[in-house]
Every structure is written in C-alpha cells, then in structure tokens.
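The next block is start-v1.pdb, given as PDB, C-alpha atoms and all ligand atoms.
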ATOM      1  CA  MET A   1     -32.779 -39.652 -65.778
ATOM      2  CA  ARG A   2     -32.020 -39.096 -62.090
ATOM      3  CA  GLU A   3     -29.489 -36.427 -63.008
ATOM      4  CA  LYS A   4     -32.066 -34.681 -65.167
ATOM      5  CA  VAL A   5     -34.593 -34.543 -62.319
ATOM      6  CA  ILE A   6     -32.011 -33.095 -59.929
ATOM      7  CA  GLN A   7     -31.006 -30.476 -62.479
ATOM      8  CA  THR A   8     -34.604 -29.409 -63.074
ATOM      9  CA  LYS A   9     -35.191 -29.237 -59.337
ATOM     10  CA  SER A  10     -32.132 -27.109 -58.673
ATOM     11  CA  ARG A  11     -32.991 -24.832 -61.599
ATOM     12  CA  SER A  12     -36.400 -24.172 -60.149
ATOM     13  CA  ARG A  13     -34.837 -23.182 -56.796
ATOM     14  CA  ASN A  14     -32.758 -20.470 -58.470
ATOM     15  CA  ARG A  15     -34.691 -17.260 -57.913
ATOM     16  CA  THR A  16     -32.263 -14.849 -59.638
ATOM     17  CA  LEU A  17     -34.162 -11.864 -61.015
ATOM     18  CA  ASN A  18     -34.042 -11.536 -64.779
ATOM     19  CA  CYS A  19     -35.732  -8.825 -66.811
ATOM     20  CA  SER A  20     -37.348  -9.596 -70.141
ATOM     21  CA  PRO A  21     -36.582  -7.204 -73.042
ATOM     22  CA  GLN A  22     -40.077  -5.723 -72.523
ATOM     23  CA  GLU A  23     -39.379  -5.119 -68.818
ATOM     24  CA  ILE A  24     -35.991  -3.573 -69.614
ATOM     25  CA  TYR A  25     -37.706  -1.242 -72.082
ATOM     26  CA  ALA A  26     -40.462  -0.257 -69.619
ATOM     27  CA  LEU A  27     -38.078   0.203 -66.640
ATOM     28  CA  SER A  28     -35.492   2.130 -68.697
ATOM     29  CA  ARG A  29     -38.111   4.790 -69.337
ATOM     30  CA  GLU A  30     -38.122   5.521 -65.586
ATOM     31  CA  LEU A  31     -34.350   6.209 -65.545
ATOM     32  CA  VAL A  32     -33.013   9.756 -65.653
ATOM     33  CA  TYR A  33     -30.031  11.057 -67.661
ATOM     34  CA  LEU A  34     -28.869  14.588 -66.813
ATOM     35  CA  MET A  35     -27.730  16.966 -69.532
ATOM     36  CA  SER A  36     -28.327  20.306 -67.795
ATOM     37  CA  ASP A  37     -28.789  21.656 -64.259
ATOM     38  CA  ILE A  38     -31.949  20.273 -62.680
ATOM     39  CA  SER A  39     -34.210  20.978 -59.700
ATOM     40  CA  LEU A  40     -34.750  18.461 -56.908
ATOM     41  CA  LYS A  41     -38.303  17.787 -58.122
ATOM     42  CA  THR A  42     -36.941  16.341 -61.394
ATOM     43  CA  ILE A  43     -35.009  13.582 -59.654
ATOM     44  CA  GLU A  44     -37.280  12.888 -56.661
ATOM     45  CA  ASN A  45     -37.786   9.091 -56.401
ATOM     46  CA  LYS A  46     -35.859   8.579 -59.646
ATOM     47  CA  ILE A  47     -32.717   6.652 -60.522
ATOM     48  CA  ILE A  48     -29.987   8.554 -62.367
ATOM     49  CA  ASN A  49     -28.282   6.058 -64.663
ATOM     50  CA  GLN A  50     -25.133   7.868 -65.727
ATOM     51  CA  ASP A  51     -21.417   8.253 -65.119
ATOM     52  CA  ILE A  52     -21.159  10.093 -61.806
ATOM     53  CA  PHE A  53     -18.526  12.481 -63.204
ATOM     54  CA  GLU A  54     -20.996  13.529 -65.923
ATOM     55  CA  ALA A  55     -24.124  13.701 -63.760
ATOM     56  CA  ALA A  56     -22.840  15.322 -60.536
ATOM     57  CA  PRO A  57     -22.108  18.793 -61.955
ATOM     58  CA  HIS A  58     -25.838  19.112 -62.797
ATOM     59  CA  LEU A  59     -27.079  18.303 -59.277
ATOM     60  CA  PRO A  60     -28.084  20.951 -56.707
ATOM     61  CA  ILE A  61     -25.788  21.955 -53.825
ATOM     62  CA  GLY A  62     -26.450  20.909 -50.191
ATOM     63  CA  PHE A  63     -29.495  18.672 -50.638
ATOM     64  CA  VAL A  64     -28.305  15.222 -49.478
ATOM     65  CA  ASP A  65     -29.109  13.860 -45.981
ATOM     66  CA  MET A  66     -27.490  10.482 -46.495
ATOM     67  CA  LEU A  67     -25.043   9.131 -49.060
ATOM     68  CA  VAL A  68     -24.192   5.431 -49.501
ATOM     69  CA  LEU A  69     -21.166   4.945 -51.729
ATOM     70  CA  ASP A  70     -20.400   1.458 -53.017
ATOM     71  CA  PRO A  71     -17.472   2.069 -55.367
ATOM     72  CA  PRO A  72     -15.694  -0.637 -57.395
ATOM     73  CA  TYR A  73     -13.235  -2.507 -55.142
ATOM     74  CA  ASN A  74     -10.333  -1.939 -57.555
ATOM     75  CA  LEU A  75     -10.830  -5.242 -59.376
ATOM     76  CA  SER A  76     -11.191  -5.487 -63.146
ATOM     77  CA  LYS A  77     -14.915  -6.197 -63.560
ATOM     78  CA  ASN A  78     -17.606  -5.849 -66.158
ATOM     79  CA  TYR A  79     -20.657  -4.221 -64.565
ATOM     80  CA  ASN A  80     -23.282  -4.967 -67.179
ATOM     81  CA  GLY A  81     -21.262  -3.333 -69.940
ATOM     82  CA  TYR A  82     -19.429  -0.773 -67.763
ATOM     83  CA  LEU A  83     -15.811  -1.942 -67.540
ATOM     84  CA  PHE A  84     -13.800  -1.015 -64.433
ATOM     85  CA  LYS A  85     -10.056  -1.691 -64.766
ATOM     86  CA  ALA A  86      -7.941  -2.359 -61.669
ATOM     87  CA  LYS A  87      -5.597   0.572 -61.003
ATOM     88  CA  GLU A  88      -2.290   1.161 -59.218
ATOM     89  CA  HIS A  89      -2.891   1.959 -55.514
ATOM     90  CA  SER A  90      -2.110   5.670 -55.854
ATOM     91  CA  GLU A  91      -4.231   5.931 -58.989
ATOM     92  CA  TYR A  92      -7.204   4.254 -57.243
ATOM     93  CA  GLN A  93      -6.811   6.569 -54.252
ATOM     94  CA  GLU A  94      -6.820   9.612 -56.544
ATOM     95  CA  TRP A  95      -9.862   8.291 -58.420
ATOM     96  CA  PHE A  96     -11.749   7.754 -55.144
ATOM     97  CA  ALA A  97     -10.722  11.196 -53.833
ATOM     98  CA  GLY A  98     -12.095  12.659 -57.082
ATOM     99  CA  VAL A  99     -15.473  10.940 -56.474
ATOM    100  CA  VAL A 100     -15.646  12.201 -52.867
ATOM    101  CA  ARG A 101     -14.705  15.781 -53.761
ATOM    102  CA  LEU A 102     -17.258  15.740 -56.572
ATOM    103  CA  LEU A 103     -20.086  14.659 -54.249
ATOM    104  CA  LYS A 104     -19.170  16.549 -51.062
ATOM    105  CA  PRO A 105     -20.746  19.900 -52.110
ATOM    106  CA  MET A 106     -24.133  18.134 -52.408
ATOM    107  CA  LEU A 107     -24.165  17.083 -48.761
ATOM    108  CA  LYS A 108     -26.046  18.939 -46.039
ATOM    109  CA  PRO A 109     -23.926  19.950 -43.001
ATOM    110  CA  THR A 110     -25.870  17.281 -41.053
ATOM    111  CA  ALA A 111     -25.364  14.530 -43.647
ATOM    112  CA  THR A 112     -24.104  10.987 -43.095
ATOM    113  CA  VAL A 113     -21.867   9.156 -45.560
ATOM    114  CA  TYR A 114     -21.401   5.370 -45.648
ATOM    115  CA  VAL A 115     -18.666   3.891 -47.848
ATOM    116  CA  CYS A 116     -18.328   0.171 -48.591
ATOM    117  CA  SER A 117     -14.931  -1.392 -49.265
ATOM    118  CA  ASP A 118     -12.979  -4.621 -49.012
ATOM    119  CA  TRP A 119      -9.815  -4.824 -46.878
ATOM    120  CA  ARG A 120      -7.528  -3.969 -49.794
ATOM    121  CA  THR A 121      -9.343  -0.777 -50.798
ATOM    122  CA  SER A 122     -10.191   0.122 -47.204
ATOM    123  CA  VAL A 123      -6.592   1.123 -46.466
ATOM    124  CA  LEU A 124      -6.600   3.328 -49.567
ATOM    125  CA  ILE A 125      -9.893   5.099 -48.965
ATOM    126  CA  ALA A 126      -9.428   5.631 -45.198
ATOM    127  CA  PRO A 127      -6.923   8.533 -45.599
ATOM    128  CA  VAL A 128      -9.263  10.214 -48.106
ATOM    129  CA  LEU A 129     -12.250   9.908 -45.753
ATOM    130  CA  THR A 130     -10.177  11.160 -42.801
ATOM    131  CA  GLY A 131      -9.290  14.280 -44.786
ATOM    132  CA  GLU A 132     -12.843  15.035 -45.926
ATOM    133  CA  PHE A 133     -15.175  13.860 -43.130
ATOM    134  CA  ARG A 134     -15.453  12.948 -39.468
ATOM    135  CA  ILE A 135     -15.104   9.189 -39.255
ATOM    136  CA  GLN A 136     -17.518   7.904 -36.609
ATOM    137  CA  ASN A 137     -16.855   4.190 -36.972
ATOM    138  CA  ARG A 138     -15.902   1.302 -39.236
ATOM    139  CA  ILE A 139     -18.434  -1.508 -39.480
ATOM    140  CA  ALA A 140     -17.118  -5.006 -40.210
ATOM    141  CA  TRP A 141     -19.801  -6.863 -42.170
ATOM    142  CA  GLU A 142     -19.402 -10.633 -42.091
ATOM    143  CA  ARG A 143     -19.856 -11.566 -45.732
ATOM    144  CA  GLU A 144     -19.738 -15.348 -45.851
ATOM    145  CA  LYS A 145     -19.001 -16.434 -49.408
ATOM    146  CA  GLY A 146     -16.674 -18.638 -51.404
ATOM    147  CA  ARG A 147     -14.030 -21.212 -50.586
ATOM    148  CA  GLY A 148     -11.301 -21.031 -47.974
ATOM    149  CA  ALA A 149      -7.721 -20.175 -48.920
ATOM    150  CA  LYS A 150      -4.874 -22.708 -48.522
ATOM    151  CA  SER A 151      -2.182 -20.245 -47.474
ATOM    152  CA  ASN A 152      -4.203 -17.342 -46.135
ATOM    153  CA  TRP A 153      -7.140 -16.560 -43.842
ATOM    154  CA  LYS A 154     -10.407 -16.795 -45.712
ATOM    155  CA  ASN A 155     -11.551 -13.306 -46.664
ATOM    156  CA  ASN A 156     -14.902 -13.076 -44.928
ATOM    157  CA  THR A 157     -15.597  -9.421 -44.156
ATOM    158  CA  GLU A 158     -16.167  -6.110 -45.844
ATOM    159  CA  ASP A 159     -15.830  -2.680 -44.272
ATOM    160  CA  ILE A 160     -18.515  -0.028 -44.184
ATOM    161  CA  TRP A 161     -17.096   3.337 -43.136
ATOM    162  CA  PHE A 162     -19.530   5.474 -41.157
ATOM    163  CA  CYS A 163     -18.666   9.155 -41.690
ATOM    164  CA  THR A 164     -20.437  12.454 -41.086
ATOM    165  CA  VAL A 165     -19.933  15.999 -42.326
ATOM    166  CA  SER A 166     -20.146  17.441 -38.788
ATOM    167  CA  GLU A 167     -20.873  16.276 -35.251
ATOM    168  CA  GLN A 168     -24.543  17.073 -35.834
ATOM    169  CA  TYR A 169     -26.134  14.035 -37.466
ATOM    170  CA  THR A 170     -29.052  11.597 -37.218
ATOM    171  CA  PHE A 171     -28.582   8.231 -35.505
ATOM    172  CA  ASN A 172     -31.761   6.328 -34.588
ATOM    173  CA  VAL A 173     -30.303   3.631 -32.383
ATOM    174  CA  ASP A 174     -33.714   2.243 -31.380
ATOM    175  CA  ALA A 175     -34.570   1.518 -35.032
ATOM    176  CA  VAL A 176     -31.619  -0.878 -35.404
ATOM    177  CA  LYS A 177     -31.415  -2.619 -32.034
ATOM    178  CA  LEU A 178     -30.876  -6.377 -32.221
ATOM    179  CA  LYS A 179     -33.037  -9.002 -30.565
ATOM    180  CA  ARG A 180     -30.731 -11.368 -28.672
ATOM    181  CA  LYS A 181     -31.311 -14.350 -26.408
ATOM    182  CA  VAL A 182     -30.591 -13.516 -22.764
ATOM    183  CA  ILE A 183     -27.964 -15.880 -21.361
ATOM    184  CA  ALA A 184     -28.197 -14.863 -17.692
ATOM    185  CA  PRO A 185     -31.665 -13.356 -17.143
ATOM    186  CA  TYR A 186     -31.447 -10.901 -14.262
ATOM    187  CA  ARG A 187     -34.543 -10.149 -12.186
ATOM    188  CA  THR A 188     -35.324  -7.146 -10.026
ATOM    189  CA  ALA A 189     -36.145  -7.517  -6.290
ATOM    190  CA  ASP A 190     -39.849  -8.047  -7.080
ATOM    191  CA  GLY A 191     -38.974 -10.876  -9.511
ATOM    192  CA  SER A 192     -39.745  -9.074 -12.776
ATOM    193  CA  PRO A 193     -37.334  -9.253 -15.767
ATOM    194  CA  LYS A 194     -34.706  -6.488 -15.821
ATOM    195  CA  ASP A 195     -34.385  -5.101 -19.404
ATOM    196  CA  TRP A 196     -35.575  -8.293 -21.115
ATOM    197  CA  GLN A 197     -38.844  -9.996 -22.091
ATOM    198  CA  GLU A 198     -40.173 -13.469 -21.506
ATOM    199  CA  GLU A 199     -41.561 -14.904 -24.753
ATOM    200  CA  ALA A 200     -42.856 -18.296 -25.914
ATOM    201  CA  GLY A 201     -39.508 -19.026 -27.665
ATOM    202  CA  GLY A 202     -37.326 -17.944 -24.723
ATOM    203  CA  ASN A 203     -35.988 -14.840 -22.999
ATOM    204  CA  PHE A 204     -34.928 -11.944 -25.216
ATOM    205  CA  ARG A 205     -33.365  -8.512 -24.906
ATOM    206  CA  LEU A 206     -33.062  -5.660 -27.403
ATOM    207  CA  THR A 207     -29.355  -4.837 -27.491
ATOM    208  CA  HIS A 208     -27.437  -1.909 -28.937
ATOM    209  CA  PRO A 209     -26.127  -2.696 -32.438
ATOM    210  CA  SER A 210     -22.347  -3.043 -32.627
ATOM    211  CA  ASN A 211     -19.895  -2.431 -35.450
ATOM    212  CA  ILE A 212     -19.690  -6.174 -36.170
ATOM    213  CA  TRP A 213     -22.583  -7.205 -38.393
ATOM    214  CA  THR A 214     -23.161 -10.954 -38.508
ATOM    215  CA  ASP A 215     -26.894 -10.850 -39.203
ATOM    216  CA  ILE A 216     -26.986 -10.146 -42.960
ATOM    217  CA  THR A 217     -25.985 -12.526 -45.755
ATOM    218  CA  ILE A 218     -25.209 -11.640 -49.358
ATOM    219  CA  PRO A 219     -28.152 -12.175 -51.757
ATOM    220  CA  PHE A 220     -27.689 -15.863 -52.625
ATOM    221  CA  TRP A 221     -29.135 -17.264 -55.869
ATOM    222  CA  SER A 222     -31.953 -18.909 -53.914
ATOM    223  CA  MET A 223     -33.194 -15.508 -52.648
ATOM    224  CA  PRO A 224     -35.823 -13.542 -54.580
ATOM    225  CA  GLU A 225     -33.762 -10.314 -54.497
ATOM    226  CA  ASN A 226     -30.728 -11.913 -56.208
ATOM    227  CA  THR A 227     -29.605 -10.414 -59.536
ATOM    228  CA  LYS A 228     -26.706 -11.187 -61.868
ATOM    229  CA  HIS A 229     -24.777  -8.122 -60.644
ATOM    230  CA  PRO A 230     -21.338  -9.422 -59.546
ATOM    231  CA  THR A 231     -21.181  -7.392 -56.315
ATOM    232  CA  GLN A 232     -24.827  -6.879 -55.375
ATOM    233  CA  LYS A 233     -25.439  -5.565 -51.834
ATOM    234  CA  PRO A 234     -28.349  -7.064 -49.856
ATOM    235  CA  GLU A 235     -31.493  -4.976 -49.365
ATOM    236  CA  LYS A 236     -31.336  -5.635 -45.612
ATOM    237  CA  LEU A 237     -27.902  -4.013 -45.370
ATOM    238  CA  ILE A 238     -29.121  -0.839 -47.069
ATOM    239  CA  ALA A 239     -32.306  -0.919 -44.933
ATOM    240  CA  LYS A 240     -30.194  -1.018 -41.753
ATOM    241  CA  LEU A 241     -28.189   2.033 -42.856
ATOM    242  CA  VAL A 242     -31.328   3.954 -43.838
ATOM    243  CA  LEU A 243     -33.150   3.072 -40.609
ATOM    244  CA  ALA A 244     -30.206   4.242 -38.485
ATOM    245  CA  SER A 245     -29.269   7.385 -40.350
ATOM    246  CA  SER A 246     -32.441   8.929 -41.732
ATOM    247  CA  ASP A 247     -35.771   9.937 -40.267
ATOM    248  CA  PRO A 248     -39.097   8.420 -41.422
ATOM    249  CA  GLY A 249     -40.639  10.406 -44.267
ATOM    250  CA  ARG A 250     -37.409  12.237 -45.123
ATOM    251  CA  TRP A 251     -36.192  11.777 -48.696
ATOM    252  CA  CYS A 252     -32.569  10.751 -49.020
TER     253      CYS A 252
HETATM  254  C1  LIG B 301     -19.306  -2.506 -55.959
HETATM  255  S1  LIG B 301     -20.387  -2.196 -57.301
HETATM  256  C2  LIG B 301     -21.851  -1.622 -56.531
HETATM  257  C3  LIG B 301     -22.866  -2.687 -56.355
HETATM  258  C4  LIG B 301     -24.265  -2.157 -55.968
HETATM  259  N1  LIG B 301     -24.190  -1.446 -54.707
HETATM  260  C5  LIG B 301     -25.285  -3.257 -55.843
HETATM  261  O1  LIG B 301     -25.781  -3.540 -54.732
HETATM  262  O2  LIG B 301     -25.647  -3.879 -56.851
HETATM  263  C6  LIG B 301     -19.701  -0.751 -58.010
HETATM  264  C7  LIG B 301     -20.628  -0.025 -58.982
HETATM  265  O3  LIG B 301     -20.055   1.248 -59.334
HETATM  266  C8  LIG B 301     -20.447   1.548 -60.652
HETATM  267  N2  LIG B 301     -19.545   2.608 -61.178
HETATM  268  C9  LIG B 301     -18.204   2.536 -61.348
HETATM  269  N3  LIG B 301     -17.724   3.713 -61.836
HETATM  270  C10 LIG B 301     -18.804   4.544 -61.959
HETATM  271  C11 LIG B 301     -18.959   5.896 -62.410
HETATM  272  N4  LIG B 301     -17.934   6.625 -62.853
HETATM  273  N5  LIG B 301     -20.203   6.426 -62.393
HETATM  274  C12 LIG B 301     -21.269   5.697 -61.963
HETATM  275  N6  LIG B 301     -21.178   4.418 -61.511
HETATM  276  C13 LIG B 301     -19.966   3.849 -61.541
HETATM  277  C14 LIG B 301     -20.324   0.199 -61.382
HETATM  278  O4  LIG B 301     -21.113   0.171 -62.543
HETATM  279  C15 LIG B 301     -20.858  -0.763 -60.296
HETATM  280  O5  LIG B 301     -22.241  -1.008 -60.461
END
Rendering of file as structure tokens:
Amino acid sequence: MREKVIQTKSRSRNRTLNCSPQEIYALSRELVYLMSDISLKTIENKIINQDIFEAAPHLPIGFVDMLVLDPPYNLSKNYNGYLFKAKEHSEYQEWFAGVVRLLKPMLKPTATVYVCSDWRTSVLIAPVLTGEFRIQNRIAWEREKGRGAKSNWKNNTEDIWFCTVSEQYTFNVDAVKLKRKVIAPYRTADGSPKDWQEEAGGNFRLTHPSNIWTDITIPFWSMPENTKHPTQKPEKLIAKLVLASSDPGRWC
C-alpha cells in the first residue's frame, strides 16, 4: 500500500509534456514542408519539419541573422522515428561540413552561428568551423546529469561554439549579465556602493557573462518544459543565445 502511494505521488510530480493524438494532428497542421522555392513570408514564424538536405535548397539566400545548430552528437539514436547512426570520425566530419556548407549561403554577412556539441564531436567540428567562420569563443555549459564514471572523469559539460560570418555582429552584453553576490563590497569616498546594489537579500552586482555557464540545468522530468526527446535543450539556454545575439523585434 505504502509503495503504491509513493508511486502515485512520484507519477504526479512528472511534468513531461505529452501530446494527445488530437494535439499532434492540430499542431502538425502548423508545420511546413518545402517542395519548391519559397519566399520569407511563407516560413515566417513557422517550423519546417523536414530533412535539412531536402529543405535547404528551397530557402532564400542571405536572410538569417542567427543560426543555432544542435546536430546529433554522433551517437546512434532514434529521434522520434528519425534514426541517426554513429559514423566513423572522418565520415561524421564530412557530414557536418556538408550541413554547414548547405546553410552558409543563407546567412547574412552580420550573422551569428552557435553550434552545440559534446567533447567527442567538438574536436571534429572545430576544424570545420575554423574553415568556414570566425570563431569568437567556445562556451562550456555545465550539464549536470547521470552517474559518475569509475575509471574516468564524469562527463559534465557540453560545448557551444560561438561563431560569426564577419567581425560585424550583434552582441547585447547587457541583456545577459549575471546577478552575483558581492563578496567584498567596495564603497566610494562618499560611502555609496561602487558598481553594486544593496538589496533586502544582500549585496549584488551585475557581472559580465563568461564562457562558463553554470546557471542552466537540462530540462528534468519534474519541469513543465520537459519532453521525451532524448537530447532536449533547455528553453533558458536558447533564450540566453537569442538575447545576446539578436535585437528585440528582429526575426531570426
Ligand atoms: C541533438 S538533437 C537536437 C535536440 C533539440 N535541439 C532539442 O532541444 O530538442 C539532434 C536533432 O537533429 C535532428 N536531425 C538529424 N539529422 C537531420 C537532418 N538531416 N535534417 C533535419 N534534422 C536532423 C534529429 O532529428 C534531432 O532532433
């Protein structure tokens, strides 16, 4: 009996999003599938649900301000029916280079490109990115998940490569500053706080965001954004990229 109660309780805490067949039907009607060249208006605020190699040739040239690429991390996985098979290193590198070369013509000269990877694929994609873009930085995202390893360091980070097409690009640093507790609050000669604020909960400062991100977790099953997708990225992570690298009101 006790076990049953605990099970029911834990089930009710699981907030994983599931779509009913009716919802799948209604939402699928919003998806776009490209069969011929299209104008920007056709895909504005739409999701293209198609193999990128099939869809990309129909997209306009030079319209993208910001591109976030989250390719398969070279592991054999079933993405809701789409099977990705792990490849030899050189084959994966060629496949990724093919994706980048396919999408590059769609970028504006001022565009930003973010690419997610794990440490294994990072070393394979880095030479491709170096050849095609200007690499501005590599963000290490602390992605706490899973058990520790007995004979290795626990794998706890993912890379997000920050690349641009040229040296002219958008970066709104103020939109992504972090609120941090001030350890040694410095005061000016007249006694007022220097670059920090006194608040009810303590003394805080807005600091420049670094390339180590420890403030965003993966979407755990107890979070309302969680889905069954095996490698789902958190909304907050995408929000941080969009806030930094696009301007309010601009479509990207
Ligand atoms: C690492 S997952 C991305 C996870 C996603 N960012 C999220 O937050 O849920 C890789 C994705 O690439 C997709 N994919 C792989 N090959 C593709 C292709 N040729 N065209 C379009 N999508 C592809 C897979 O279906 C999978 O959803």
Non-local contacts of A:Ile38 (7 Å; all atoms listed in the file; under 2 positions in same chain excluded) as a list in words: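 Once the adjacent positions are removed, what remains is Ser36, Leu40, Thr42, His58 and Leu59 of chain A.
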Give the residue list for ligand LIG 301 (chain B) at 9 Å, counting all atoms listed in the file, as a short mmCIF file (atom, residue, chain, number, x, y, z; two decimals) with C-alpha atoms, in the frame of the given file, sorted by chain and then by residue number.
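result.cif was written with the following content:
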data_model
loop_
_atom_site.label_atom_id
_atom_site.label_comp_id
_atom_site.auth_asym_id
_atom_site.auth_seq_id
_atom_site.Cartn_x
_atom_site.Cartn_y
_atom_site.Cartn_z
CA ASN A 49 -28.28 6.06 -64.66
CA GLN A 50 -25.13 7.87 -65.73
CA ASP A 51 -21.42 8.25 -65.12
CA ILE A 52 -21.16 10.09 -61.81
CA PHE A 53 -18.53 12.48 -63.20
CA GLU A 54 -21.00 13.53 -65.92
CA ALA A 55 -24.12 13.70 -63.76
CA VAL A 68 -24.19 5.43 -49.50
CA LEU A 69 -21.17 4.94 -51.73
CA ASP A 70 -20.40 1.46 -53.02
CA PRO A 71 -17.47 2.07 -55.37
CA PRO A 72 -15.69 -0.64 -57.40
CA TYR A 73 -13.24 -2.51 -55.14
CA LYS A 77 -14.92 -6.20 -63.56
CA ASN A 78 -17.61 -5.85 -66.16
CA TYR A 79 -20.66 -4.22 -64.56
CA ASN A 80 -23.28 -4.97 -67.18
CA GLY A 81 -21.26 -3.33 -69.94
CA TYR A 82 -19.43 -0.77 -67.76
CA LEU A 83 -15.81 -1.94 -67.54
CA PHE A 84 -13.80 -1.01 -64.43
CA VAL A 99 -15.47 10.94 -56.47
CA CYS A 116 -18.33 0.17 -48.59
CA SER A 117 -14.93 -1.39 -49.26
CA THR A 227 -29.60 -10.41 -59.54
CA LYS A 228 -26.71 -11.19 -61.87
CA HIS A 229 -24.78 -8.12 -60.64
CA PRO A 230 -21.34 -9.42 -59.55
CA THR A 231 -21.18 -7.39 -56.32
CA GLN A 232 -24.83 -6.88 -55.38
CA LYS A 233 -25.44 -5.56 -51.83
CA PRO A 234 -28.35 -7.06 -49.86
CA GLU A 235 -31.49 -4.98 -49.36
CA ILE A 238 -29.12 -0.84 -47.07
#
Selection under test: the PyMOL selection byres (((chain A and resi 93) around 10) and not hetatm); residues as a list in words: Asn74, Lys87, Glu88, His89, Ser90, Glu91, Tyr92, Glu94, Trp95, Phe96, Ala97, Gly98, Val99, Thr121, Val123, Leu124, Ile125, Ala126, Pro127 and Val128 of chain A
If you take all atoms listed in the file and a cut-off of 7 Å, which residues of stretch 63-175 of chain A touch stretch 197-212 of chain A, and what are their nearest atom pairs and distances in Å to one decimal, in chain and number order, as CSV?
residue,atom,partner,partner_atom,distance
A:Arg138,CA,A:Asn211,CA,6.6
A:Ile139,CA,A:Asn211,CA,4.4
A:Ala140,CA,A:Ile212,CA,4.9
A:Trp141,CA,A:Ile212,CA,6.0
How big is the axis-aligned box, and where does its centre sit, when it encloses all atoms of stretch 71-86 of chain A listed in the file and has 4 Å added on every side, reported in Å to one decimal as AutoDock Vina command-line options?
--center_x -15.6 --center_y -2.1 --center_z -62.5 --size_x 23.3 --size_y 16.3 --size_z 22.8
Within 12 Å of A:Ser245 using all atoms listed in the file, minus same-chain residues under 4 positions, as a list in words: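 Listed by chain and then number, they are Asp65, Met66, Leu67, Val68, Thr110, Ala111, Thr112, Val113, Tyr114, Phe162, Cys163, Thr164, Gln168, Tyr169, Thr170, Phe171, Asn172, Val173, Asp174, Ala175, Val176, Ile238, Ala239, Lys240, Leu241, Arg250, Trp251 and Cys252 of chain A.
Shortest separation to A:Gly62 among A:Val32, A:Ile24, A:Ile43, A:Val165 occurs at residue A:Val165, atoms counted being all atoms listed in the file.
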Distance of atom CA of A:Leu102 from atom CA of A:Pro57, expressed in Å to one decimal place: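 Atom CA of A:Pro57 sits 7.9 Å away from atom CA of A:Leu102.
Proximity of A:Thr157, A:Ser246, A:Thr16, A:Ser39 to A:Ile216, computed with only C-alpha atoms, is greatest for A:Thr157.
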Proximity to A:Leu243 - best of A:Thr214, A:Lys177, A:Ile48, A:Leu103, only C-alpha atoms: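 Distance minimum relative to A:Leu243 lands on A:Lys177.
For the pair atom CA of A:Lys104 and atom CA of A:Leu75, the interatomic distance is 24.8 Å.
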Two-atom distance - atom CA of A:Leu31, atom CA of A:Asn45 (Å):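 Distance reported for this atom pair: 10.2 Å.
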Pick from A:Lys85, A:Glu167, A:Pro224, A:Ser192, whichever lies nearest to A:Arg134 using only C-alpha atoms: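 The closest residue to A:Arg134 is A:Glu167.
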